[in-house]
>>> print(open('structure.txt').read())   # compact mmCIF, C-alpha atoms
# COMPACT_ATOMS: atom_id res chain seq x y z
CA MET A 1 137.34 86.44 113.17
CA LYS A 2 134.26 84.26 112.63
CA LEU A 3 133.52 81.49 115.07
CA GLN A 4 132.95 78.05 113.63
CA VAL A 5 129.44 77.10 114.70
CA GLN A 6 127.60 73.86 114.03
CA ARG A 7 124.25 75.01 112.65
CA ALA A 8 121.17 73.09 113.74
CA TYR A 9 118.63 71.56 111.39
CA ASN A 10 116.08 74.24 112.28
CA PHE A 11 112.49 73.20 111.56
CA ASN A 12 110.92 75.60 114.06
CA ALA A 13 107.50 76.90 113.05
CA GLY A 14 108.35 80.46 114.01
CA PRO A 15 110.51 82.27 114.76
CA SER A 16 112.23 80.14 112.20
CA ALA A 17 115.40 79.73 110.18
CA LEU A 18 117.13 82.75 108.68
CA PRO A 19 119.60 82.58 105.78
CA LEU A 20 123.12 82.06 107.10
CA SER A 21 124.53 84.68 104.73
CA VAL A 22 122.09 87.26 106.13
CA LEU A 23 123.10 86.46 109.70
CA GLU A 24 126.76 86.75 108.75
CA LYS A 25 126.24 90.13 107.10
CA ALA A 26 124.32 91.38 110.14
CA GLN A 27 127.21 90.17 112.29
CA GLU A 28 129.70 92.12 110.20
CA GLU A 29 127.62 95.31 110.33
CA LEU A 30 126.39 95.01 113.89
CA ILE A 31 128.90 97.34 115.56
CA ASP A 32 129.55 99.81 112.76
CA PHE A 33 126.70 100.06 110.26
CA ARG A 34 128.16 101.24 106.97
CA GLY A 35 130.56 103.74 108.44
CA THR A 36 128.13 105.43 110.82
CA GLY A 37 130.04 104.34 113.93
CA MET A 38 126.77 102.94 115.28
CA SER A 39 124.76 99.76 115.08
CA VAL A 40 121.64 99.89 112.95
CA MET A 41 119.82 99.40 116.27
CA GLU A 42 121.25 102.71 117.46
CA LEU A 43 120.39 104.81 114.42
CA SER A 44 117.65 107.40 114.65
CA HIS A 45 114.67 106.28 112.61
CA ARG A 46 114.64 109.83 111.22
CA SER A 47 118.24 109.64 109.99
CA ARG A 48 119.27 109.31 106.36
CA PRO A 49 121.13 105.98 106.88
CA TYR A 50 118.04 104.37 108.38
CA GLU A 51 115.72 106.00 105.86
CA GLU A 52 117.70 104.28 103.09
CA VAL A 53 117.31 100.91 104.83
CA HIS A 54 113.59 101.46 105.30
CA ASN A 55 112.82 102.58 101.77
CA GLN A 56 115.02 99.91 100.20
CA ALA A 57 113.15 97.20 102.10
CA ILE A 58 109.85 98.54 100.74
CA SER A 59 111.28 98.73 97.22
CA SER A 60 112.67 95.18 97.41
CA LEU A 61 109.36 93.78 98.58
CA ARG A 62 107.58 95.55 95.74
CA GLU A 63 110.02 94.12 93.24
CA LEU A 64 109.92 90.53 94.49
CA LEU A 65 106.15 90.32 94.85
CA ASN A 66 105.47 92.50 91.80
CA ILE A 67 103.24 94.74 93.91
CA PRO A 68 101.24 97.11 91.69
CA ASP A 69 101.06 100.88 92.23
CA THR A 70 97.48 100.42 93.45
CA HIS A 71 98.85 99.00 96.72
CA GLU A 72 100.95 100.41 99.54
CA VAL A 73 103.47 98.58 101.72
CA LEU A 74 103.37 99.18 105.47
CA PHE A 75 105.64 97.97 108.27
CA LEU A 76 103.66 97.59 111.48
CA GLN A 77 104.03 95.91 114.86
CA GLY A 78 101.85 93.62 116.97
CA GLY A 79 102.15 90.56 114.74
CA ALA A 80 99.37 89.02 112.70
CA SER A 81 97.37 88.76 115.92
CA LEU A 82 96.89 92.54 116.09
CA GLN A 83 95.73 92.48 112.47
CA PHE A 84 92.89 90.20 113.57
CA SER A 85 91.49 93.27 115.37
CA MET A 86 92.73 96.09 113.14
CA ILE A 87 91.03 94.70 110.04
CA PRO A 88 87.44 94.72 111.41
CA MET A 89 88.09 97.97 113.30
CA ASN A 90 88.99 99.66 110.03
CA PHE A 91 86.79 97.92 107.48
CA LEU A 92 83.74 96.32 109.13
CA GLN A 93 81.28 99.18 108.85
CA ALA A 94 77.91 99.36 110.60
CA GLY A 95 75.23 97.51 108.63
CA LYS A 96 77.81 95.36 106.83
CA LYS A 97 78.92 91.76 107.38
CA ALA A 98 82.31 90.13 106.91
CA SER A 99 82.87 86.53 105.87
CA TYR A 100 85.67 84.25 107.07
CA VAL A 101 86.89 80.99 105.56
CA MET A 102 87.72 78.66 108.44
CA THR A 103 90.75 76.47 107.78
CA GLY A 104 92.46 76.25 111.15
CA SER A 105 93.31 77.80 114.49
CA TRP A 106 94.46 81.14 113.12
CA SER A 107 91.31 81.73 111.11
CA GLU A 108 89.35 80.84 114.26
CA LYS A 109 91.26 83.49 116.19
CA ALA A 110 90.75 86.07 113.46
CA PHE A 111 87.02 85.29 113.41
CA SER A 112 86.74 85.56 117.21
CA GLU A 113 88.36 89.00 117.20
CA ALA A 114 86.16 90.24 114.36
CA LYS A 115 83.03 89.25 116.29
CA LEU A 116 83.90 91.94 118.82
CA PHE A 117 83.42 94.65 116.20
CA GLY A 118 80.47 93.58 114.06
CA GLU A 119 78.57 90.84 112.30
CA VAL A 120 80.67 88.03 110.85
CA TYR A 121 79.93 84.56 109.50
CA HIS A 122 81.60 81.53 107.94
CA ALA A 123 81.94 81.58 104.17
CA ALA A 124 83.16 77.97 104.41
CA SER A 125 84.75 75.68 106.99
CA THR A 126 86.67 72.43 107.02
CA LYS A 127 86.58 72.06 110.80
CA GLU A 128 84.36 68.95 110.68
CA GLY A 129 87.16 67.15 108.85
CA ASN A 130 89.68 68.26 111.48
CA TYR A 131 91.02 70.87 109.10
CA ARG A 132 92.60 68.36 106.74
CA SER A 133 91.75 70.35 103.63
CA ILE A 134 91.16 73.71 102.01
CA PRO A 135 87.60 74.35 100.75
CA LYS A 136 87.00 74.15 97.02
CA LEU A 137 86.61 77.57 95.47
CA ASP A 138 83.01 76.84 94.48
CA GLU A 139 82.19 75.96 98.10
CA LEU A 140 82.67 79.52 99.32
CA LYS A 141 79.37 81.14 100.24
CA TYR A 142 79.52 84.88 100.73
CA ASP A 143 77.47 87.94 99.85
CA LYS A 144 78.47 90.48 97.24
CA GLU A 145 77.65 93.18 99.78
CA ASP A 146 80.12 91.88 102.38
CA ALA A 147 82.64 94.34 103.80
CA TYR A 148 85.34 91.78 103.01
CA ILE A 149 86.15 88.07 102.89
CA HIS A 150 89.08 86.77 104.94
CA ILE A 151 91.27 83.72 104.31
CA THR A 152 94.42 82.24 105.86
CA SER A 153 96.66 81.20 102.97
CA ASN A 154 98.70 78.62 104.88
CA ASN A 155 97.80 76.84 108.09
CA THR A 156 100.88 76.16 110.18
CA ILE A 157 99.24 73.89 112.74
CA TYR A 158 97.37 71.57 110.37
CA GLY A 159 99.71 71.76 107.39
CA THR A 160 97.30 72.89 104.68
CA GLN A 161 97.75 75.59 102.05
CA TRP A 162 95.65 77.31 99.39
CA LYS A 163 96.86 76.35 95.90
CA ASP A 164 94.58 78.81 94.09
CA PHE A 165 92.89 81.92 95.40
CA PRO A 166 89.27 82.92 94.84
CA ASP A 167 88.27 85.77 92.57
CA THR A 168 85.88 87.66 94.85
CA GLY A 169 84.96 90.43 92.43
CA ASP A 170 83.95 93.61 94.23
CA VAL A 171 84.22 92.02 97.67
CA PRO A 172 87.65 92.90 99.12
CA LEU A 173 89.76 89.77 99.61
CA ILE A 174 91.95 89.87 102.73
CA ALA A 175 94.59 87.22 103.43
CA ASP A 176 96.75 86.29 106.37
CA MET A 177 99.91 85.13 104.58
CA SER A 178 102.15 85.00 107.64
CA SER A 179 103.51 81.55 106.94
CA ASP A 180 103.84 81.41 103.16
CA ILE A 181 104.39 84.94 101.90
CA LEU A 182 107.43 85.07 99.59
CA SER A 183 107.35 81.28 99.12
CA LYS A 184 105.93 81.42 95.59
CA PRO A 185 104.70 83.96 93.04
CA ILE A 186 101.24 85.40 93.74
CA ASP A 187 98.97 87.88 92.00
CA VAL A 188 98.86 90.68 94.56
CA SER A 189 96.22 92.54 92.55
CA LYS A 190 93.66 89.90 93.61
CA PHE A 191 93.90 91.08 97.20
CA ALA A 192 92.64 94.19 98.92
CA LEU A 193 94.93 93.50 101.87
CA ILE A 194 97.68 90.99 102.65
CA TYR A 195 99.29 90.80 106.06
CA ALA A 196 102.13 88.71 107.40
CA GLY A 197 104.22 88.41 110.51
CA ALA A 198 107.85 88.42 109.42
CA GLN A 199 109.09 85.52 111.53
CA LYS A 200 108.50 82.73 109.01
CA ASN A 201 109.84 83.79 105.60
CA LEU A 202 110.61 87.49 105.87
CA GLY A 203 112.94 87.98 108.81
CA PRO A 204 112.97 88.03 112.61
CA SER A 205 109.90 88.48 114.77
CA GLY A 206 108.73 92.02 115.50
CA VAL A 207 107.79 93.28 112.04
CA THR A 208 104.38 92.85 110.43
CA VAL A 209 104.11 93.53 106.71
CA VAL A 210 100.82 94.88 105.36
CA ILE A 211 100.17 95.27 101.64
CA ILE A 212 96.99 97.28 101.23
CA ARG A 213 95.04 98.60 98.28
CA LYS A 214 94.91 102.40 98.35
CA ASP A 215 91.19 102.66 97.68
CA LEU A 216 90.50 100.47 100.73
CA LEU A 217 92.21 103.08 102.89
CA GLU A 218 89.73 105.67 101.66
CA THR A 219 86.73 103.69 102.93
CA ALA A 220 88.09 102.88 106.39
CA ASN A 221 86.35 103.77 109.63
CA THR A 222 87.72 106.91 111.27
CA ASN A 223 86.47 106.68 114.87
CA ILE A 224 89.27 104.42 116.06
CA PRO A 225 92.56 105.06 117.88
CA THR A 226 95.23 106.77 115.81
CA MET A 227 97.76 103.94 116.04
CA LEU A 228 95.18 101.41 114.87
CA LYS A 229 94.33 103.28 111.67
CA TYR A 230 96.08 102.02 108.55
CA SER A 231 95.90 105.56 107.17
CA THR A 232 98.13 106.80 110.01
CA HIS A 233 100.94 104.54 108.89
CA SER A 234 100.28 105.05 105.19
CA LYS A 235 100.54 108.85 105.47
CA ASN A 236 103.78 108.57 107.43
CA ASN A 237 105.61 105.87 105.42
CA SER A 238 105.33 103.58 108.47
CA LEU A 239 107.34 106.11 110.49
CA TYR A 240 104.57 107.66 112.59
CA ASN A 241 106.28 106.21 115.66
CA THR A 242 109.58 104.40 116.11
CA PRO A 243 109.48 101.29 113.91
CA PRO A 244 111.32 98.02 114.70
CA THR A 245 114.41 99.27 112.93
CA PHE A 246 116.62 96.22 113.32
CA GLY A 247 113.83 93.90 112.21
CA ILE A 248 113.23 95.99 109.09
CA TYR A 249 116.96 96.00 108.34
CA MET A 250 116.99 92.21 108.62
CA LEU A 251 113.86 91.93 106.49
CA GLY A 252 115.57 93.98 103.79
CA GLU A 253 118.59 91.69 103.85
CA VAL A 254 116.37 88.60 103.59
CA LEU A 255 114.69 90.17 100.56
CA ASN A 256 118.11 90.78 99.00
CA TRP A 257 118.98 87.13 99.63
CA ALA A 258 115.73 86.02 97.96
CA ARG A 259 116.43 88.22 94.94
CA ASP A 260 120.01 86.94 94.62
CA LEU A 261 118.75 83.37 94.85
CA GLY A 262 116.72 83.94 91.70
CA GLY A 263 113.45 85.36 92.96
CA LEU A 264 110.15 83.66 93.72
CA GLU A 265 110.18 81.24 90.78
CA THR A 266 113.43 79.72 92.02
CA ILE A 267 112.29 79.78 95.65
CA ALA A 268 109.04 78.02 94.75
CA LYS A 269 110.96 75.21 93.01
CA ARG A 270 113.25 74.82 96.04
CA ASN A 271 110.26 74.64 98.35
CA GLU A 272 108.64 71.96 96.22
CA GLU A 273 111.88 69.99 96.23
CA LYS A 274 112.20 70.24 100.01
CA ALA A 275 108.60 69.20 100.64
CA ASN A 276 108.88 66.29 98.22
CA TYR A 277 111.70 64.77 100.27
CA ILE A 278 109.36 64.47 103.25
CA TYR A 279 106.05 63.74 101.52
CA SER A 280 107.57 60.98 99.38
CA VAL A 281 108.71 59.16 102.53
CA ILE A 282 105.23 59.50 104.04
CA ASP A 283 103.52 58.27 100.86
CA ASN A 284 105.84 55.29 100.49
CA SER A 285 105.81 54.22 104.14
CA ASN A 286 102.76 51.90 103.86
CA GLY A 287 101.03 53.70 106.70
CA PHE A 288 104.01 53.89 109.05
CA TYR A 289 103.84 57.67 108.65
CA ILE A 290 100.35 59.17 108.35
CA GLY A 291 100.03 62.61 106.79
CA HIS A 292 97.47 64.91 108.35
CA ALA A 293 96.52 67.01 105.32
CA ASN A 294 94.71 65.72 102.25
CA GLN A 295 97.13 65.49 99.33
CA ASP A 296 95.45 68.24 97.31
CA SER A 297 95.71 70.65 100.26
CA ARG A 298 99.21 69.86 101.52
CA SER A 299 101.38 72.76 102.62
CA LEU A 300 104.88 73.24 101.26
CA MET A 301 105.73 75.21 104.39
CA ASN A 302 104.47 73.02 107.25
CA LEU A 303 104.52 69.27 106.70
CA THR A 304 102.41 67.52 109.34
CA PHE A 305 102.16 63.82 110.11
CA ASN A 306 101.70 61.19 112.80
CA LEU A 307 103.17 57.77 113.44
CA LYS A 308 101.18 54.57 113.98
CA THR A 309 101.16 54.75 117.79
CA PRO A 310 101.75 57.46 120.41
CA GLU A 311 104.64 55.41 121.83
CA LEU A 312 106.36 55.22 118.44
CA GLU A 313 105.76 58.91 117.92
CA LYS A 314 107.44 59.80 121.20
CA LYS A 315 110.42 57.61 120.35
CA PHE A 316 110.66 59.24 116.92
CA LEU A 317 110.58 62.77 118.33
CA ASP A 318 113.10 61.99 121.06
CA LEU A 319 115.52 60.46 118.58
CA ALA A 320 115.04 63.32 116.10
CA LYS A 321 116.03 65.77 118.81
CA GLN A 322 119.10 63.73 119.65
CA GLU A 323 120.10 63.74 115.98
CA GLY A 324 119.98 67.56 115.88
CA PHE A 325 116.59 68.10 114.22
CA VAL A 326 115.02 71.04 116.07
CA GLY A 327 111.32 71.95 116.23
CA VAL A 328 109.81 68.72 114.86
CA ASN A 329 107.11 68.39 117.53
CA GLY A 330 103.63 69.23 116.28
CA HIS A 331 101.74 72.18 117.72
CA ARG A 332 100.77 71.68 121.36
CA SER A 333 97.07 71.82 120.44
CA ILE A 334 97.12 68.72 118.21
CA GLY A 335 100.43 66.96 118.81
CA GLY A 336 102.01 64.76 116.17
CA CYS A 337 105.02 65.83 114.09
CA ARG A 338 105.63 68.92 111.98
CA VAL A 339 108.50 69.88 109.70
CA SER A 340 108.44 73.60 108.92
CA ALA A 341 110.45 74.04 105.73
CA TYR A 342 110.36 77.80 105.22
CA ASN A 343 112.42 79.54 102.57
CA ALA A 344 115.66 79.72 104.55
CA VAL A 345 115.64 76.03 105.51
CA PRO A 346 118.27 74.44 103.24
CA VAL A 347 117.37 71.64 100.86
CA GLU A 348 120.03 69.53 102.61
CA ALA A 349 118.13 69.78 105.91
CA CYS A 350 114.99 68.24 104.40
CA GLN A 351 117.03 65.61 102.61
CA ALA A 352 118.76 64.67 105.88
CA PHE A 353 115.45 64.46 107.70
CA SER A 354 113.92 62.26 105.03
CA GLU A 355 116.88 59.88 105.40
CA PHE A 356 116.34 59.89 109.16
CA MET A 357 112.65 59.01 108.63
CA ILE A 358 113.54 56.11 106.31
CA GLN A 359 116.11 54.74 108.74
CA PHE A 360 113.72 55.05 111.68
CA GLN A 361 111.07 53.07 109.83
CA LYS A 362 113.55 50.32 108.97
CA GLU A 363 114.52 49.98 112.63
CA ASN A 364 111.01 50.20 114.07
CA ASN A 365 108.66 48.66 111.52
>>> encode(input="structure.txt", output="structure tokens")
Amino acid sequence: MKLQVQRAYNFNAGPSALPLSVLEKAQEELIDFRGTGMSVMELSHRSRPYEEVHNQAISSLRELLNIPDTHEVLFLQGGASLQFSMIPMNFLQAGKKASYVMTGSWSEKAFSEAKLFGEVYHAASTKEGNYRSIPKLDELKYDKEDAYIHITSNNTIYGTQWKDFPDTGDVPLIADMSSDILSKPIDVSKFALIYAGAQKNLGPSGVTVVIIRKDLLETANTNIPTMLKYSTHSKNNSLYNTPPTFGIYMLGEVLNWARDLGGLETIAKRNEEKANYIYSVIDNSNGFYIGHANQDSRSLMNLTFNLKTPELEKKFLDLAKQEGFVGVNGHRSIGGCRVSAYNAVPVEACQAFSEFMIQFQKENN
């Protein structure tokens, strides 16, 4: 018998909302996974029942993102933060440089890690403008001999997002897509490597998805620890060691949900609709709400804004919490307000929050 639970309006930046139908299916299968007499968390990762879960998740991701045969799909651990180190360890060869486009805190962290392994530099940066925008494509300055160029496709803290991606020719393009993967159609063939922590749009925390071009694997450094080589995981179908089996099961179910919803075209339209509820209130508030990101760089995933005064902002956040809106505080490093409207956040949640914003302005203007 299912318990009747009042679901929160979950705007957490990550871990974030999961589809209710996925949670309910996991609940149903938790004790006895498809007749095995065990939970999926108890299955051997070498067993046939788990192997089917694992391979189906890879297949579903390939289908949804239209991943070409030139690329492999890996399930790793350590979050995007470990990728900050693994990428230069594998691909920043001696005598080469790597370029990083600086658009926020996560690109700064990726850059700092890469400096430990070789020579890196900024291909572009919007830090002087307090990361309110994404650089124009013609502003990127990098060398055709670079080992790779790295971007962060969506910036959770500042609320900016790349609308178009650069064509970097022979320079491998690497992207941290942790917070907007699966939110819209993308051309995977443009990228040599895409990585993403699962806890925004793909599933629960604990799984890191890597989509990597096969020829990049062939040029990787070899004098690094076994577990930190992409080739180790590629050769073993991400089963070299025990993977996060429950997280991968959940990821597969989220992918099924996305497919049943209509795929990435439908999801992209929903995300635009959700974001429009919030941005339209900001734009029509006559300065009562102040968006952080420039309009041409606004994120559909993380909608960031401030109020006119710190006192008003505190009152707004306190009342939002009382009304059941969870996770609306901005990141601790910059403050303000942030609505994270990832795929699984219902349209109704953003509509309800926009109505709350309008009412708050009427009462406090």
>>> closest_residue(input="structure.txt", among="A:Pro49, A:His122, A:Gly252, A:Leu261", to="A:Arg62", atoms="only C-alpha atoms")
A:Gly252
>>> residues_around(input="structure.txt", residues="A:Leu216", least_positions_apart="4", cutoff="12 Å", atoms="only C-alpha atoms", output="list of chain:residue names")
A:Thr70, A:His71, A:Glu72, A:Ile87, A:Asn90, A:Phe91, A:Leu92, A:Ala147, A:Tyr148, A:Asp170, A:Val171, A:Pro172, A:Leu173, A:Ile174, A:Phe191, A:Ala192, A:Leu193, A:Ile211, A:Ile212, A:Ala220, A:Asn221, A:Lys229, A:Tyr230, A:Ser231, A:Ser234
>>> closest_residue(input="structure.txt", among="A:Asn286, A:Ser81, A:Thr245, A:Thr309", to="A:Val40", atoms="only C-alpha atoms")
A:Thr245
>>> axis_aligned_box(input="structure.txt", around="stretch 33-52 of chain A", padding_each_side="4 Å", output="JSON")
{"center_x": 122.6, "center_y": 104.6, "center_z": 110.3, "size_x": 23.9, "size_y": 18.4, "size_z": 22.4}
>>> closest_residue(input="structure.txt", among="A:Ser354, A:Glu311, A:Val345, A:Ser340", to="A:Asn284", atoms="only C-alpha atoms")
A:Ser354
>>> build_atoms(input="structure.txt", residues="stretch 305-326 of chain A", atoms="N, CA and C atoms", output="mmCIF file, in the coordinates of the input")
data_model
loop_
_atom_site.group_PDB
_atom_site.id
_atom_site.type_symbol
_atom_site.label_atom_id
_atom_site.label_comp_id
_atom_site.auth_asym_id
_atom_site.auth_seq_id
_atom_site.Cartn_x
_atom_site.Cartn_y
_atom_site.Cartn_z
ATOM 1 N N PHE A 305 102.427 65.253 110.185
ATOM 2 C CA PHE A 305 102.160 63.820 110.110
ATOM 3 C C PHE A 305 102.191 63.205 111.500
ATOM 4 N N ASN A 306 101.672 61.988 111.583
ATOM 5 C CA ASN A 306 101.700 61.190 112.800
ATOM 6 C C ASN A 306 102.380 59.860 112.509
ATOM 7 N N LEU A 307 102.722 59.149 113.575
ATOM 8 C CA LEU A 307 103.170 57.770 113.440
ATOM 9 C C LEU A 307 102.060 56.842 113.907
ATOM 10 N N LYS A 308 102.260 55.542 113.746
ATOM 11 C CA LYS A 308 101.180 54.570 113.980
ATOM 12 C C LYS A 308 100.675 54.566 115.412
ATOM 13 N N THR A 309 101.561 54.776 116.381
ATOM 14 C CA THR A 309 101.160 54.750 117.790
ATOM 15 C C THR A 309 101.789 55.931 118.522
ATOM 16 N N PRO A 310 101.163 56.371 119.620
ATOM 17 C CA PRO A 310 101.750 57.460 120.410
ATOM 18 C C PRO A 310 103.142 57.101 120.938
ATOM 19 N N GLU A 311 103.344 55.849 121.302
ATOM 20 C CA GLU A 311 104.640 55.410 121.830
ATOM 21 C C GLU A 311 105.730 55.546 120.763
ATOM 22 N N LEU A 312 105.409 55.132 119.549
ATOM 23 C CA LEU A 312 106.360 55.220 118.440
ATOM 24 C C LEU A 312 106.649 56.679 118.108
ATOM 25 N N GLU A 313 105.614 57.488 118.203
ATOM 26 C CA GLU A 313 105.760 58.910 117.920
ATOM 27 C C GLU A 313 106.712 59.582 118.916
ATOM 28 N N LYS A 314 106.554 59.245 120.170
ATOM 29 C CA LYS A 314 107.440 59.800 121.200
ATOM 30 C C LYS A 314 108.889 59.375 120.964
ATOM 31 N N LYS A 315 109.082 58.109 120.635
ATOM 32 C CA LYS A 315 110.420 57.610 120.350
ATOM 33 C C LYS A 315 111.024 58.333 119.161
ATOM 34 N N PHE A 316 110.217 58.544 118.132
ATOM 35 C CA PHE A 316 110.660 59.240 116.920
ATOM 36 C C PHE A 316 111.092 60.667 117.246
ATOM 37 N N LEU A 317 110.270 61.383 118.001
ATOM 38 C CA LEU A 317 110.580 62.770 118.330
ATOM 39 C C LEU A 317 111.803 62.886 119.231
ATOM 40 N N ASP A 318 111.928 61.977 120.169
ATOM 41 C CA ASP A 318 113.100 61.990 121.060
ATOM 42 C C ASP A 318 114.379 61.745 120.282
ATOM 43 N N LEU A 319 114.333 60.788 119.361
ATOM 44 C CA LEU A 319 115.520 60.460 118.580
ATOM 45 C C LEU A 319 115.847 61.586 117.598
ATOM 46 N N ALA A 320 114.820 62.197 117.020
ATOM 47 C CA ALA A 320 115.040 63.320 116.100
ATOM 48 C C ALA A 320 115.771 64.455 116.801
ATOM 49 N N LYS A 321 115.369 64.723 118.030
ATOM 50 C CA LYS A 321 116.030 65.770 118.810
ATOM 51 C C LYS A 321 117.490 65.427 119.071
ATOM 52 N N GLN A 322 117.729 64.171 119.408
ATOM 53 C CA GLN A 322 119.100 63.730 119.650
ATOM 54 C C GLN A 322 119.971 63.865 118.406
ATOM 55 N N GLU A 323 119.367 63.672 117.245
ATOM 56 C CA GLU A 323 120.100 63.740 115.980
ATOM 57 C C GLU A 323 120.270 65.181 115.475
ATOM 58 N N GLY A 324 119.768 66.159 116.236
ATOM 59 C CA GLY A 324 119.980 67.560 115.880
ATOM 60 C C GLY A 324 118.876 68.197 115.060
ATOM 61 N N PHE A 325 117.726 67.526 114.936
ATOM 62 C CA PHE A 325 116.590 68.100 114.220
ATOM 63 C C PHE A 325 115.728 68.862 115.228
ATOM 64 N N VAL A 326 115.666 70.168 115.080
ATOM 65 C CA VAL A 326 115.020 71.040 116.070
ATOM 66 C C VAL A 326 113.618 71.440 115.599
#
